[in-house]
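Q: To be precise about what I am sending: the file is called query_36.tsv and holds TSV, N, CA and C atoms.
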```
chain	number	residue	atom	x	y	z
A	26	MET	N	9.86	-2.89	7.18
A	26	MET	CA	9.28	-2.34	5.95
A	26	MET	C	10.22	-1.28	5.38
A	27	ASN	N	10.46	-1.37	4.11
A	27	ASN	CA	11.38	-0.47	3.44
A	27	ASN	C	10.59	0.52	2.60
A	28	ASN	N	10.71	1.82	2.91
A	28	ASN	CA	10.03	2.87	2.14
A	28	ASN	C	11.02	3.98	1.83
A	29	PRO	N	11.57	3.99	0.61
A	29	PRO	CA	12.56	5.01	0.25
A	29	PRO	C	12.03	6.43	0.45
A	30	ALA	N	12.87	7.28	1.01
A	30	ALA	CA	12.47	8.65	1.35
A	30	ALA	C	12.25	9.53	0.11
A	31	ASN	N	12.81	9.14	-1.05
A	31	ASN	CA	12.66	9.96	-2.26
A	31	ASN	C	11.32	9.76	-2.95
A	32	LEU	N	10.51	8.83	-2.45
A	32	LEU	CA	9.21	8.57	-3.05
A	32	LEU	C	8.11	9.15	-2.18
A	33	SER	N	6.91	9.31	-2.77
A	33	SER	CA	5.73	9.66	-1.97
A	33	SER	C	4.76	8.48	-2.08
A	34	TYR	N	3.81	8.42	-1.13
A	34	TYR	CA	2.99	7.23	-0.96
A	34	TYR	C	1.52	7.60	-0.83
A	35	THR	N	0.65	6.68	-1.25
A	35	THR	CA	-0.79	6.89	-1.10
A	35	THR	C	-1.33	5.98	-0.01
A	36	LYS	N	-2.51	6.32	0.48
A	36	LYS	CA	-3.15	5.49	1.50
A	36	LYS	C	-3.68	4.19	0.91
A	37	SER	N	-3.73	4.08	-0.42
A	37	SER	CA	-4.13	2.83	-1.07
A	37	SER	C	-2.89	1.99	-1.45
A	38	HIS	N	-1.71	2.40	-0.95
A	38	HIS	CA	-0.46	1.63	-1.02
A	38	HIS	C	0.22	1.60	-2.39
A	39	GLU	N	0.13	2.72	-3.10
A	39	GLU	CA	0.95	2.91	-4.30
A	39	GLU	C	2.06	3.91	-3.97
A	40	TRP	N	3.17	3.80	-4.69
A	40	TRP	CA	4.23	4.81	-4.54
A	40	TRP	C	4.35	5.61	-5.83
A	41	LEU	N	4.86	6.84	-5.67
A	41	LEU	CA	5.07	7.75	-6.80
A	41	LEU	C	6.51	8.22	-6.79
A	42	GLU	N	7.11	8.23	-7.97
A	42	GLU	CA	8.43	8.83	-8.15
A	42	GLU	C	8.28	9.95	-9.16
A	43	GLU	N	8.71	11.13	-8.79
A	43	GLU	CA	8.65	12.28	-9.70
A	43	GLU	C	9.78	12.15	-10.71
A	44	LEU	N	9.45	12.03	-12.00
A	44	LEU	CA	10.47	11.95	-13.04
A	44	LEU	C	10.81	13.32	-13.59
A	45	ASP	N	9.81	14.18	-13.73
A	45	ASP	CA	10.01	15.59	-14.06
A	45	ASP	C	8.75	16.34	-13.64
A	46	ASN	N	8.58	17.57	-14.08
A	46	ASN	CA	7.48	18.41	-13.59
A	46	ASN	C	6.10	17.81	-13.78
A	47	ASP	N	5.88	17.08	-14.87
A	47	ASP	CA	4.53	16.56	-15.10
A	47	ASP	C	4.51	15.08	-15.45
A	48	THR	N	5.55	14.34	-15.01
A	48	THR	CA	5.61	12.90	-15.26
A	48	THR	C	5.99	12.16	-13.98
A	49	VAL	N	5.25	11.09	-13.69
A	49	VAL	CA	5.53	10.28	-12.51
A	49	VAL	C	5.61	8.80	-12.88
A	50	ARG	N	6.33	8.05	-12.07
A	50	ARG	CA	6.37	6.60	-12.17
A	50	ARG	C	5.59	6.08	-10.97
A	51	ILE	N	4.78	5.03	-11.17
A	51	ILE	CA	3.90	4.50	-10.13
A	51	ILE	C	4.20	3.02	-9.91
A	52	GLY	N	4.17	2.60	-8.65
A	52	GLY	CA	4.35	1.19	-8.33
A	52	GLY	C	3.58	0.83	-7.07
A	53	LEU	N	3.69	-0.42	-6.67
A	53	LEU	CA	3.07	-0.89	-5.43
A	53	LEU	C	4.11	-0.89	-4.32
A	54	THR	N	3.68	-0.55	-3.12
A	54	THR	CA	4.60	-0.46	-1.99
A	54	THR	C	4.97	-1.84	-1.44
A	55	ASP	N	6.00	-1.84	-0.63
A	55	ASP	CA	6.43	-3.05	0.06
A	55	ASP	C	5.29	-3.59	0.94
A	56	PHE	N	4.58	-2.68	1.61
A	56	PHE	CA	3.44	-3.09	2.44
A	56	PHE	C	2.38	-3.79	1.59
A	57	ALA	N	2.10	-3.25	0.41
A	57	ALA	CA	1.09	-3.83	-0.48
A	57	ALA	C	1.48	-5.23	-0.92
A	58	GLN	N	2.71	-5.39	-1.39
A	58	GLN	CA	3.11	-6.71	-1.89
A	58	GLN	C	3.16	-7.72	-0.76
A	59	GLU	N	3.54	-7.28	0.43
A	59	GLU	CA	3.57	-8.18	1.60
A	59	GLU	C	2.15	-8.62	1.96
A	60	SER	N	1.21	-7.68	1.92
A	60	SER	CA	-0.19	-7.98	2.26
A	60	SER	C	-0.83	-8.90	1.23
A	61	LEU	N	-0.47	-8.69	-0.05
A	61	LEU	CA	-1.07	-9.48	-1.12
A	61	LEU	C	-0.57	-10.91	-1.16
A	62	GLY	N	0.67	-11.13	-0.78
A	62	GLY	CA	1.28	-12.44	-0.95
A	62	GLY	C	1.83	-12.57	-2.36
A	63	ASP	N	2.04	-13.78	-2.81
A	63	ASP	CA	2.66	-14.01	-4.11
A	63	ASP	C	1.78	-13.49	-5.25
A	64	ILE	N	2.32	-12.53	-6.00
A	64	ILE	CA	1.59	-11.94	-7.12
A	64	ILE	C	1.80	-12.82	-8.35
A	65	VAL	N	0.68	-13.20	-8.99
A	65	VAL	CA	0.74	-14.14	-10.12
A	65	VAL	C	0.29	-13.52	-11.45
A	66	PHE	N	-0.32	-12.34	-11.41
A	66	PHE	CA	-0.79	-11.71	-12.65
A	66	PHE	C	-0.95	-10.21	-12.42
A	67	VAL	N	-0.62	-9.43	-13.45
A	67	VAL	CA	-0.77	-7.98	-13.40
A	67	VAL	C	-1.55	-7.54	-14.64
A	68	ASN	N	-2.57	-6.71	-14.44
A	68	ASN	CA	-3.37	-6.16	-15.54
A	68	ASN	C	-3.16	-4.65	-15.53
A	69	LEU	N	-2.50	-4.13	-16.56
A	69	LEU	CA	-2.16	-2.70	-16.61
A	69	LEU	C	-2.76	-2.04	-17.85
A	70	PRO	N	-2.89	-0.70	-17.82
A	70	PRO	CA	-3.42	0.00	-19.00
A	70	PRO	C	-2.41	-0.01	-20.15
A	71	GLN	N	-2.84	0.46	-21.30
A	71	GLN	CA	-1.99	0.56	-22.48
A	71	GLN	C	-1.36	1.95	-22.56
A	72	VAL	N	-0.24	2.06	-23.25
A	72	VAL	CA	0.35	3.37	-23.53
A	72	VAL	C	-0.69	4.20	-24.27
A	73	GLY	N	-0.87	5.44	-23.84
A	73	GLY	CA	-1.85	6.34	-24.46
A	73	GLY	C	-3.18	6.38	-23.72
A	74	ASP	N	-3.42	5.41	-22.83
A	74	ASP	CA	-4.66	5.42	-22.04
A	74	ASP	C	-4.63	6.56	-21.02
A	75	GLU	N	-5.79	7.11	-20.73
A	75	GLU	CA	-5.89	8.13	-19.69
A	75	GLU	C	-6.20	7.44	-18.36
A	76	VAL	N	-5.55	7.92	-17.30
A	76	VAL	CA	-5.85	7.44	-15.95
A	76	VAL	C	-6.34	8.63	-15.14
A	77	VAL	N	-7.18	8.34	-14.14
A	77	VAL	CA	-7.81	9.40	-13.34
A	77	VAL	C	-7.45	9.19	-11.87
A	78	ALA	N	-7.04	10.28	-11.22
A	78	ALA	CA	-6.65	10.23	-9.82
A	78	ALA	C	-7.77	9.64	-8.97
A	79	GLY	N	-7.42	8.62	-8.16
A	79	GLY	CA	-8.38	7.99	-7.27
A	79	GLY	C	-9.17	6.86	-7.88
A	80	GLU	N	-9.01	6.63	-9.19
A	80	GLU	CA	-9.73	5.55	-9.87
A	80	GLU	C	-8.77	4.42	-10.22
A	81	SER	N	-9.31	3.23	-10.44
A	81	SER	CA	-8.49	2.07	-10.75
A	81	SER	C	-7.78	2.24	-12.10
A	82	LEU	N	-6.49	1.90	-12.12
A	82	LEU	CA	-5.76	1.92	-13.40
A	82	LEU	C	-5.45	0.50	-13.86
A	83	GLY	N	-5.72	-0.47	-13.00
A	83	GLY	CA	-5.48	-1.87	-13.32
A	83	GLY	C	-5.66	-2.70	-12.06
A	84	ASP	N	-5.17	-3.94	-12.12
A	84	ASP	CA	-5.26	-4.77	-10.91
A	84	ASP	C	-4.13	-5.79	-10.88
A	85	VAL	N	-3.94	-6.34	-9.70
A	85	VAL	CA	-2.97	-7.42	-9.50
A	85	VAL	C	-3.71	-8.60	-8.91
A	86	GLU	N	-3.32	-9.78	-9.35
A	86	GLU	CA	-3.90	-11.00	-8.82
A	86	GLU	C	-2.80	-11.72	-8.03
A	87	SER	N	-3.13	-12.06	-6.80
A	87	SER	CA	-2.19	-12.81	-5.97
A	87	SER	C	-2.83	-14.14	-5.62
A	88	VAL	N	-2.10	-14.96	-4.88
A	88	VAL	CA	-2.66	-16.23	-4.45
A	88	VAL	C	-3.81	-16.02	-3.48
A	89	LYS	N	-3.91	-14.81	-2.91
A	89	LYS	CA	-4.96	-14.51	-1.94
A	89	LYS	C	-6.21	-13.88	-2.57
A	90	ALA	N	-6.01	-12.95	-3.53
A	90	ALA	CA	-7.14	-12.17	-4.04
A	90	ALA	C	-6.74	-11.37	-5.27
A	91	VAL	N	-7.74	-10.74	-5.89
A	91	VAL	CA	-7.50	-9.76	-6.94
A	91	VAL	C	-7.71	-8.39	-6.31
A	92	SER	N	-6.75	-7.48	-6.50
A	92	SER	CA	-6.83	-6.16	-5.88
A	92	SER	C	-6.63	-5.07	-6.92
A	93	ASP	N	-7.45	-4.03	-6.83
A	93	ASP	CA	-7.30	-2.89	-7.73
A	93	ASP	C	-6.04	-2.11	-7.40
A	94	ILE	N	-5.47	-1.51	-8.45
A	94	ILE	CA	-4.37	-0.55	-8.31
A	94	ILE	C	-4.99	0.80	-8.62
A	95	TYR	N	-4.88	1.73	-7.69
A	95	TYR	CA	-5.50	3.05	-7.87
A	95	TYR	C	-4.47	4.06	-8.35
A	96	SER	N	-4.87	4.84	-9.33
A	96	SER	CA	-3.98	5.86	-9.86
A	96	SER	C	-3.92	7.05	-8.90
A	97	PRO	N	-2.71	7.43	-8.51
A	97	PRO	CA	-2.58	8.60	-7.65
A	97	PRO	C	-2.63	9.92	-8.42
A	98	VAL	N	-2.67	9.83	-9.75
A	98	VAL	CA	-2.65	11.04	-10.59
A	98	VAL	C	-3.63	10.90	-11.75
A	99	THR	N	-3.98	12.05	-12.34
A	99	THR	CA	-4.70	12.09	-13.61
A	99	THR	C	-3.68	12.45	-14.68
A	100	GLY	N	-3.69	11.69	-15.77
A	100	GLY	CA	-2.76	11.95	-16.86
A	100	GLY	C	-2.86	10.86	-17.91
A	101	VAL	N	-1.82	10.77	-18.74
A	101	VAL	CA	-1.79	9.83	-19.86
A	101	VAL	C	-0.62	8.86	-19.65
A	102	VAL	N	-0.90	7.57	-19.84
A	102	VAL	CA	0.14	6.54	-19.68
A	102	VAL	C	1.20	6.71	-20.77
A	103	ARG	N	2.43	6.96	-20.34
A	103	ARG	CA	3.56	7.13	-21.26
A	103	ARG	C	4.30	5.81	-21.49
A	104	ALA	N	4.37	4.99	-20.44
A	104	ALA	CA	5.10	3.72	-20.54
A	104	ALA	C	4.48	2.72	-19.58
A	105	VAL	N	4.58	1.45	-19.95
A	105	VAL	CA	4.11	0.33	-19.12
A	105	VAL	C	5.29	-0.62	-18.94
A	106	ASN	N	5.48	-1.10	-17.74
A	106	ASN	CA	6.58	-2.04	-17.47
A	106	ASN	C	6.18	-3.42	-18.00
A	107	GLU	N	6.51	-3.66	-19.26
A	107	GLU	CA	6.13	-4.90	-19.94
A	107	GLU	C	6.75	-6.13	-19.28
A	108	GLU	N	7.88	-5.96	-18.61
A	108	GLU	CA	8.55	-7.07	-17.94
A	108	GLU	C	7.64	-7.77	-16.93
A	109	LEU	N	6.72	-6.99	-16.33
A	109	LEU	CA	5.83	-7.55	-15.31
A	109	LEU	C	4.78	-8.49	-15.90
A	110	MET	N	4.49	-8.37	-17.19
A	110	MET	CA	3.51	-9.24	-17.82
A	110	MET	C	3.97	-10.70	-17.76
A	111	ASP	N	5.27	-10.91	-17.97
A	111	ASP	CA	5.83	-12.26	-17.94
A	111	ASP	C	6.36	-12.65	-16.56
A	112	ALA	N	6.64	-11.66	-15.73
A	112	ALA	CA	7.24	-11.94	-14.42
A	112	ALA	C	6.64	-11.04	-13.33
A	113	PRO	N	5.34	-11.23	-13.02
A	113	PRO	CA	4.70	-10.38	-12.01
A	113	PRO	C	5.32	-10.53	-10.62
A	114	GLU	N	6.02	-11.65	-10.39
A	114	GLU	CA	6.66	-11.87	-9.09
A	114	GLU	C	7.77	-10.86	-8.80
A	115	LEU	N	8.20	-10.11	-9.81
A	115	LEU	CA	9.21	-9.07	-9.59
A	115	LEU	C	8.71	-8.03	-8.58
A	116	ILE	N	7.40	-7.83	-8.53
A	116	ILE	CA	6.83	-6.88	-7.56
A	116	ILE	C	7.09	-7.38	-6.14
A	117	ASN	N	6.97	-8.68	-5.91
A	117	ASN	CA	7.27	-9.24	-4.59
A	117	ASN	C	8.76	-9.16	-4.28
A	118	GLN	N	9.59	-9.37	-5.29
A	118	GLN	CA	11.03	-9.42	-5.08
A	118	GLN	C	11.61	-8.04	-4.79
A	119	ASN	N	11.17	-7.01	-5.50
A	119	ASN	CA	11.69	-5.66	-5.29
A	119	ASN	C	10.64	-4.64	-5.72
A	120	PRO	N	9.69	-4.31	-4.84
A	120	PRO	CA	8.57	-3.46	-5.24
A	120	PRO	C	8.96	-2.05	-5.69
A	121	TYR	N	10.13	-1.57	-5.30
A	121	TYR	CA	10.52	-0.22	-5.69
A	121	TYR	C	11.33	-0.17	-6.97
A	122	GLU	N	11.71	-1.32	-7.49
A	122	GLU	CA	12.33	-1.42	-8.82
A	122	GLU	C	11.28	-1.82	-9.86
A	123	ALA	N	10.28	-2.58	-9.44
A	123	ALA	CA	9.26	-3.12	-10.35
A	123	ALA	C	8.12	-2.11	-10.50
A	124	TRP	N	8.41	-0.98	-11.13
A	124	TRP	CA	7.38	0.03	-11.37
A	124	TRP	C	6.32	-0.52	-12.33
A	125	LEU	N	5.13	0.05	-12.25
A	125	LEU	CA	4.01	-0.42	-13.07
A	125	LEU	C	3.85	0.41	-14.33
A	126	VAL	N	3.64	1.72	-14.17
A	126	VAL	CA	3.42	2.62	-15.30
A	126	VAL	C	4.11	3.96	-15.06
A	127	GLU	N	4.36	4.66	-16.15
A	127	GLU	CA	4.76	6.06	-16.10
A	127	GLU	C	3.61	6.87	-16.69
A	128	VAL	N	3.25	7.95	-16.01
A	128	VAL	CA	2.13	8.79	-16.44
A	128	VAL	C	2.66	10.20	-16.67
A	129	GLU	N	2.32	10.77	-17.85
A	129	GLU	CA	2.74	12.13	-18.18
A	129	GLU	C	1.53	13.04	-18.28
A	130	ASN	N	1.79	14.34	-18.46
A	130	ASN	CA	0.73	15.35	-18.53
A	130	ASN	C	-0.15	15.30	-17.29
A	131	VAL	N	0.49	15.17	-16.12
A	131	VAL	CA	-0.23	15.06	-14.86
A	131	VAL	C	-0.93	16.38	-14.55
A	132	THR	N	-2.25	16.29	-14.31
A	132	THR	CA	-3.03	17.50	-14.03
A	132	THR	C	-3.63	17.49	-12.64
A	133	GLU	N	-3.79	16.30	-12.04
A	133	GLU	CA	-4.43	16.21	-10.73
A	133	GLU	C	-3.77	15.09	-9.95
A	134	ARG	N	-3.75	15.23	-8.61
A	134	ARG	CA	-3.13	14.22	-7.76
A	134	ARG	C	-3.98	13.97	-6.53
A	135	VAL	N	-3.92	12.74	-6.02
A	135	VAL	CA	-4.52	12.47	-4.72
A	135	VAL	C	-3.51	12.92	-3.66
A	136	GLU	N	-3.97	13.02	-2.43
A	136	GLU	CA	-3.08	13.37	-1.33
A	136	GLU	C	-2.05	12.25	-1.13
A	137	THR	N	-0.79	12.63	-0.98
A	137	THR	CA	0.26	11.64	-0.76
A	137	THR	C	0.93	11.89	0.58
A	138	LEU	N	1.65	10.87	1.03
A	138	LEU	CA	2.34	10.90	2.31
A	138	LEU	C	3.84	10.78	2.10
A	139	SER	N	4.61	11.34	3.03
A	139	SER	CA	6.05	11.12	3.04
A	139	SER	C	6.31	9.68	3.49
A	140	ALA	N	7.54	9.21	3.33
A	140	ALA	CA	7.88	7.85	3.76
A	140	ALA	C	7.59	7.68	5.25
A	141	GLU	N	7.94	8.66	6.05
A	141	GLU	CA	7.73	8.59	7.50
A	141	GLU	C	6.24	8.53	7.84
A	142	ALA	N	5.45	9.40	7.21
A	142	ALA	CA	4.01	9.43	7.47
A	142	ALA	C	3.35	8.13	6.97
A	143	TYR	N	3.84	7.60	5.86
A	143	TYR	CA	3.29	6.35	5.32
A	143	TYR	C	3.56	5.19	6.28
A	144	GLU	N	4.75	5.14	6.85
A	144	GLU	CA	5.07	4.07	7.80
A	144	GLU	C	4.14	4.13	9.01
A	145	LEU	N	3.85	5.32	9.49
A	145	LEU	CA	2.91	5.47	10.61
A	145	LEU	C	1.51	5.02	10.19
A	146	PHE	N	1.10	5.39	9.00
A	146	PHE	CA	-0.21	4.97	8.47
A	146	PHE	C	-0.29	3.44	8.41
A	147	CYS	N	0.75	2.80	7.92
A	147	CYS	CA	0.77	1.33	7.78
A	147	CYS	C	0.70	0.64	9.14
A	148	GLN	N	1.31	1.22	10.15
A	148	GLN	CA	1.26	0.63	11.49
A	148	GLN	C	-0.19	0.55	11.97
A	149	GLY	N	-1.00	1.52	11.58
A	149	GLY	CA	-2.42	1.52	11.94
A	149	GLY	C	-3.23	0.51	11.13
A	150	GLU	N	-2.69	0.06	9.98
A	150	GLU	CA	-3.39	-0.87	9.10
A	150	GLU	C	-3.15	-2.33	9.52
A	151	GLU	N	-2.09	-2.58	10.26
A	151	GLU	CA	-1.71	-3.96	10.61
A	151	GLU	C	-2.61	-4.56	11.65
```
I need this file expressed as structure tokens, please.
A:
Amino acid sequence: MNNPANLSYTKSHEWLEELDNDTVRIGLTDFAQESLGDIVFVNLPQVGDEVVAGESLGDVESVKAVSDIYSPVTGVVRAVNEELMDAPELINQNPYEAWLVEVENVTERVETLSAEAYELFCQGEE
């Protein structure tokens, strides 16, 4: 399992990249995409939508199931990775390049884990 040390991770298997003081990029972890199997559809919010920490911001559909994506932060969607609408399989191919959304004006966050702590958490999930 590959978990870059520069990112932080949630227990619901999203990753966060700090872009600046109040903006983050969010994606699904390698563990998540592996567990889901082949991803065939992604449903994401629109630019300007508000997301709330701990609540669903969208979902992914795989050959196995439909799974919610939980927002690790409260804020406003600044950008959506439109490329995933036509090619959701990019999440399976490279989950740390295939970001989902960028959120700005971040005011609240869920608890996150370091890469090392996340790997230990995932070992307990298997």
Q: Neighbouring residues of Asn117 of chain A were defined as those with any atom within 7 Å, considering only N, CA and C atoms; residues of the same chain fewer than 2 positions away were excluded. Please report them as a PyMOL selection string.
A: chain A and resi 58-59+62-64+113-115+119-120
Q: Between A:Val72, A:Leu32, A:Ser37, A:Ala140, which has the minimum distance to Asp93 of chain A (counting all atoms listed in the file)?
A: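 Among the listed residues, A:Ser37 lies closest to Asp93 of chain A.
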Q: How many Å separate atom C of Arg50 of chain A from atom C of Val88 of chain A?
A: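 Taking atom C of Arg50 of chain A and atom C of Val88 of chain A, their separation equals 25.2 Å.
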Q: Quick one: pull the distance between atom C of Asn28 of chain A and atom C of Gly73 of chain A, Å, one decimal.
A: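 Pair atom C of Asn28 of chain A / atom C of Gly73 of chain A returns 29.3 Å.
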Q: Calculate how many Å separate atom CA of Ala78 of chain A from atom CA of Glu136 of chain A, rounding to one decimal.
A: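 Pair atom CA of Ala78 of chain A / atom CA of Glu136 of chain A returns 9.7 Å.
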Q: Identify, on the basis of all atoms listed in the file, every residue whose closest approach to Glu107 of chain A does not exceed 8 Å; exclude the query and any residue fewer than 2 positions from it along the same chain; express the result as a ChimeraX atom specification.
A: /A:104-105,109-112,124-126
Q: Counting all atoms listed in the file, which of A:Val102, A:Ile51, A:Val91, A:Leu41 gets nearest to Glu75 of chain A?
A: A:Val102
